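*Asks:* I'd like to ask you about the structure that follows.
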Amino acid sequence: MSPRPPAILRMTKLKTWSAVATSGGHTWRTLPVPHADPERQHLNEDWREVKGPDELRNAIEQRLALVTATAAKNPVLCVEYLITARAGAFKEHGGETDAPAYFRAALAFLESRHGAANIVAVNVQNDEAAPHLVVYAVPLVERPARTVRKSVFAGGRDESGQLKRVTKSIVQPAEVALSADHYNGTPAKLAALQTAFAEQVAAKHGLARGLELSAASHTTNKQHHEALAGHIGLTPEELARKGRLLSKESPEEQAARLSDLIRDHYAPTVARAATAGHDRRRAAEMEETARRHEERYKAVVTELAAFTEGLSAAQQAEVRQAASQLRRENEERKRREAEQARQQREEVERERKREAQRERERLEHRERALVERLKVATPLAFAGADVATRRKCWQLMLGRDDLFEALQRMDTSGFFDNAGYLSDAGRRAVLSATDSAANKLPRHSDPKAPAVHRPLYNVPLGPGM
């Protein structure tokens with residue numbers, strides 16, 4: 001039985017808007033992509049609303065607006081994931097892997113990892129030799145409120161002359177951080193990503209995990225094309241040195257004709273020759289990978305020998321069984337912690353939504369009370385309100401049908417202009433009403449009695465509405 005082909009999951013950190021634009025231009029073919037077939041470009045699909053580089057930037061900026069924690073100096077704006085396999089692994093090339101099903105499972109895997117809302121763009125590319133899935137994820141991390149212990153200066157110096165420090169418990173509020181390192185910040189996390197992807201996605205679609213501890217480096221399309229360059233084309237200068245007078249064709253015409261001939265008939269042979277160096281390098285990398293695995297195996301055997309020396313076969317079996325049990329317990333503990341963290345995030349989100357709902361209800365209650373007061377307010381009382389309150393109420397009357405009569409009452413009074421500001425008549429009416437109210441205040445015959453400040457006209461529509 002032939003081994004299953006390896007799944008391919010690559011991750012690229014996009015730290016600048018220039019990198020985002022370049023990646024988007026490649027994905028949506030607004031930049032030249034030599035290895036893509038223009039006649040098959042219509043087969044590419046978008047599984048999100050984003051359909052181009054500009055829309056990609058807008059979508060990323062919308063997610064970044066949610067960040068509340070202090071970001072690093074040069075944070076990763078977005079993480080680009082590429083999911084594919086060798087062309088021969090897919091059904092259209094005689095393999096077993098159904099590309100759409102494989103890509104849907106891969107997308108679900110990344111959504112569970114980053115959160116569906118943080119997956120801002122998804123593009124399926126069918127115009128290359130093998131189908132590709134490109135996913136853009138903004139690496140937001142929701143951190144619940146927590147208590148941390150920090151060492152802080154206490155003031156003064158100790159006996160040795162050092163600044164005194166004490167440890168304090170500090171409550172950190174819930175926050176949203178931008179952190180690609182949270183997901184893929186260490187080699188161990190990257191290895192765990194590849195393992196989890198292989199177990200949860202690749203294995204179910206006829207693919208295997210790539211070699212762990214691999215020393216292989218990825219050969220880009222650019223490197224491949226550069227390896228071919230110079231083996232296929234001929235320059236006019238080279239032909240001229242071989243006797244250009246023997247032909248009626250110009251050097252340019254000869255170069256074009258012979259280059260086309262080589263491409264049509266000898267391209268496979270030339271490609272193999274041009275990439276022989278890459279093949280040798282790949283073989284050396286595989287040899288290095290095998291050596292690393294052997295060294296790790298020897299190290300593990302040496303460590304285990306210290307624990308099993310002098311034990312019988314039955315006792316060694318008990319040790320292995322105990323170790324297996326500890327691994328299962330550790331995996332179960334990690335699963336429980338992950339579940340608790342997920343539940344905590346969900347509870348924080350539910351509380352945020354509940355608070356938002358309570359705030360909406362408070363605002364609706366205030367607006368209902370204000371509407372009832374406006375229905376019976378007189379133009380003079382409305383004119384006496386402060387400018388900010390009056391402007392807010394005027395906009396409210398303009399937008400509600402049930403306040404049409406109140407708006408008409410204010411408009412026909414002559415106290416206001418079309419924007420709700422006081423007219424000259426309105427200002428005179430307010431001053432007159434203020435003077436009348438002041439005249440009704442009790443007068444003190446005692447000159448030493450405290451002065452009574454004359455309040456502005458007592459308006460039933462106060463700032464608290």
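Starting from 1 in every chain, residues are counted up; chains themselves are A, B, ... following the order of the structure tokens, and ligands are numbered from 1 as listed.
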Would you list the contacts of Glu367 in chain A as a ChimeraX atom specification, taking every protein, DNA or RNA residue within 9 Å and counting only C-alpha atoms, but skipping same-chain residues closer than 4 positions in sequence?

*Replies:* /A:362-363,371-372,396,465

*Asks:* At a cut-off of 12 Å, using only C-alpha atoms, what residues contact Arg165 in chain A? Leave out same-chain residues fewer than 5 positions from it and give the result as a ChimeraX atom specification.

*Replies:* /A:150-158

*Asks:* Residues as selected, N, CA, C and O atoms, written as a JSON list (two decimals), in the first residue's frame, can you do that?

*Replies:*
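Just written: again_35.json:
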```
[["chain", "number", "residue", "atom", "x", "y", "z"],
["A", 150, "LYS", "N", 2.57, 41.10, 40.48],
["A", 150, "LYS", "CA", 3.69, 41.83, 39.91],
["A", 150, "LYS", "C", 4.58, 42.38, 41.01],
["A", 150, "LYS", "O", 4.10, 42.76, 42.09],
["A", 151, "SER", "N", 5.86, 42.42, 40.69],
["A", 151, "SER", "CA", 6.83, 43.01, 41.60],
["A", 151, "SER", "C", 6.94, 44.50, 41.30],
["A", 151, "SER", "O", 7.25, 44.89, 40.17],
["A", 152, "VAL", "N", 6.68, 45.33, 42.32],
["A", 152, "VAL", "CA", 6.70, 46.78, 42.12],
["A", 152, "VAL", "C", 7.60, 47.41, 43.17],
["A", 152, "VAL", "O", 7.89, 46.82, 44.22],
["A", 153, "PHE", "N", 8.07, 48.63, 42.89],
["A", 153, "PHE", "CA", 8.91, 49.35, 43.84],
["A", 153, "PHE", "C", 8.06, 49.81, 45.03],
["A", 153, "PHE", "O", 6.95, 50.33, 44.86],
["A", 154, "ALA", "N", 8.61, 49.63, 46.24],
["A", 154, "ALA", "CA", 7.88, 50.01, 47.45],
["A", 154, "ALA", "C", 8.34, 51.33, 48.02],
["A", 154, "ALA", "O", 7.77, 51.84, 48.98],
["A", 155, "GLY", "N", 9.39, 51.89, 47.47],
["A", 155, "GLY", "CA", 9.94, 53.14, 48.00],
["A", 155, "GLY", "C", 11.04, 52.87, 49.01],
["A", 155, "GLY", "O", 10.95, 51.96, 49.84],
["A", 156, "GLY", "N", 12.07, 53.65, 48.93],
["A", 156, "GLY", "CA", 13.18, 53.47, 49.85],
["A", 156, "GLY", "C", 14.13, 52.37, 49.39],
["A", 156, "GLY", "O", 13.94, 51.77, 48.33],
["A", 157, "ARG", "N", 15.14, 52.10, 50.22],
["A", 157, "ARG", "CA", 16.14, 51.08, 49.91],
["A", 157, "ARG", "C", 16.32, 50.13, 51.08],
["A", 157, "ARG", "O", 16.08, 50.49, 52.24],
["A", 158, "ASP", "N", 16.72, 48.91, 50.76],
["A", 158, "ASP", "CA", 16.94, 47.92, 51.80],
["A", 158, "ASP", "C", 18.35, 48.10, 52.38],
["A", 158, "ASP", "O", 19.08, 49.03, 52.06]]
```

*Asks:* Please compute the CA of Arg291 in chain A-CA of Ala198 in chain A distance, one decimal, in Å.

*Replies:* 23.1 Å

*Asks:* Between A:Val120, A:Gly94, A:Asp181, A:Ala105, which has the minimum distance to Asn58 in chain A (counting only C-alpha atoms)?

*Replies:*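 Of all the options, A:Val120 lies closest to Asn58 in chain A.
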
*Asks:* For range 135-139 of chain A, list every protein, DNA or RNA residue within 8 Å, evaluated using only C-alpha atoms, and leave out those in the same chain fewer than 3 positions away; present the list as a ChimeraX atom specification.

*Replies:* /A:60,63-64,76-82,107,114,118-123,178-180,183

*Asks:* When you draw a straight line from CA of Arg409 in chain A to CA of Glu361 in chain A, how long is it in Å?

*Replies:* 29.1 Å

*Asks:* Name the closest residue to Arg400 in chain A among the candidates A:Leu374, A:Glu351, A:Ala284, A:Thr302; distances are taken between atoms, counting only C-alpha atoms.

*Replies:* A:Leu374

*Asks:* Select, from A:Glu332, A:Glu294, A:Arg104, A:Glu128, the residue with the minimum atom-to-atom distance to Glu39 in chain A, counting only C-alpha atoms.

*Replies:*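 Of A:Glu332, A:Glu294, A:Arg104, A:Glu128, the one nearest Glu39 in chain A is A:Glu128, counting only C-alpha atoms.
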
*Asks:* Ranking A:Leu398, A:Ala341, A:Ala437, A:Val387 by minimum distance to Leu422 in chain A and counting only C-alpha atoms, which one comes first?

*Replies:*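 Residue with the minimum atom-to-atom distance to Leu422 in chain A: A:Val387.
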
*Asks:* Could you list, as number ranges by chain, every residue within 8 Å of Pro379 in chain A, counting only C-alpha atoms and ignoring same-chain residues fewer than 4 positions away?

*Replies:* A: 383, 409-410, 413, 415

*Asks:* State, in Å with one decimal place, the distance from CA of Phe416 in chain A to CA of Gly399 in chain A.

*Replies:*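 Value for the CA of Phe416 in chain A-CA of Gly399 in chain A distance: 17.4 Å.
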
*Asks:* Using only C-alpha atoms, pick whichever of A:Ser160, A:Ser432, A:Gln125, A:Ser324 has the shortest atom-to-atom distance to His42 in chain A.

*Replies:*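 For His42 in chain A, the nearest of the given residues is A:Gln125.
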
*Asks:* Pick the closest to Val148 in chain A from A:Lys168, A:Arg48, A:Lys298, A:His132: which is it, counting only C-alpha atoms?

*Replies:* A:Lys168
